[in-house]
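Chemist: First the structure, then my questions, so here it is.
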Amino acid sequence: MAKLDYNINEMGYFSRGIFKIVAFIFAAMVIVLTLPRFSPFIFPDISGPSPTYDCDDDTLQMYREFERLGIKSTPIVGDLDKSGEAYMDCNHVWLLVKSGDKEIAYDWGTPRFDSQHYEGYTISLDYLLYAVNQDLKGDDSLASTK
């Protein structure tokens, strides 16, 4: 009778490869199934632009939502169509949200990673509240409806 010689290394390689595939599929399923549960933290529920709801209203709503969650954020004004704009040329407002040692720009409830959202000028919460109140009076000269 011939002696069968099994190569344990090949079987081990095969089983490790299967383990990696199964582990990847399991991790992907966990992420997909839990993402809806965490999406309110990642993407706040924000209304879209309308004649009565513009970017400063959106920014204030996001600011309050992040504040409720204990996350620091800073309102920023700028012009997304210009680079290096002057303060008086600013026509839009959004948030920079603290995430660890980095900041992520949020505009209309969505993270933004383009360079324009990281240019601009910091404004205070008081000034943001002032802009929202000016809108209520019918004077929206402080923020556009972008």
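Chain labels A, B, ... are given in the sequence in which chains occur in the structure tokens; within each chain residues are numbered consecutively from 1, and ligands are likewise numbered from 1 in the order shown.
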DSSP on the backbone: which residues in segment 48-103 of chain A end up as helix (DSSP H, G or I)? Give the answer as a list in words.

Modeler: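 These are the residues in question: Cys55, Asp56, Asp57, Asp58, Thr59, Leu60, Gln61, Met62, Tyr63, Arg64, Glu65, Phe66, Glu67, Arg68, Tyr87, Met88 and Asp89 of chain A.
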
Chemist: Taking 4 positions as the minimum chain separation for residues in the same chain, which residues sit within 8 Å of segment 117-124 of chain A when counting only C-alpha atoms? Answer as JSON, numbers by chain.

Modeler: {"A": [74, 75, 76, 77, 78, 79, 80, 83, 84, 85, 87, 90, 94, 96, 105, 112, 113, 128]}

Chemist: Name the residues of segment 19-139 of chain A that fall into strand (DSSP E) according to DSSP on the backbone, using the chain letters and numbers of this document, as a count of residues only.

Modeler: 25

Chemist: Using only C-alpha atoms, can you tell me which of A:Asp81, A:Asp89, A:Asp114, A:Asp107 comes closest to Asp54 of chain A?

Modeler: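 That would be A:Asp107, the residue with the smallest distance to Asp54 of chain A.
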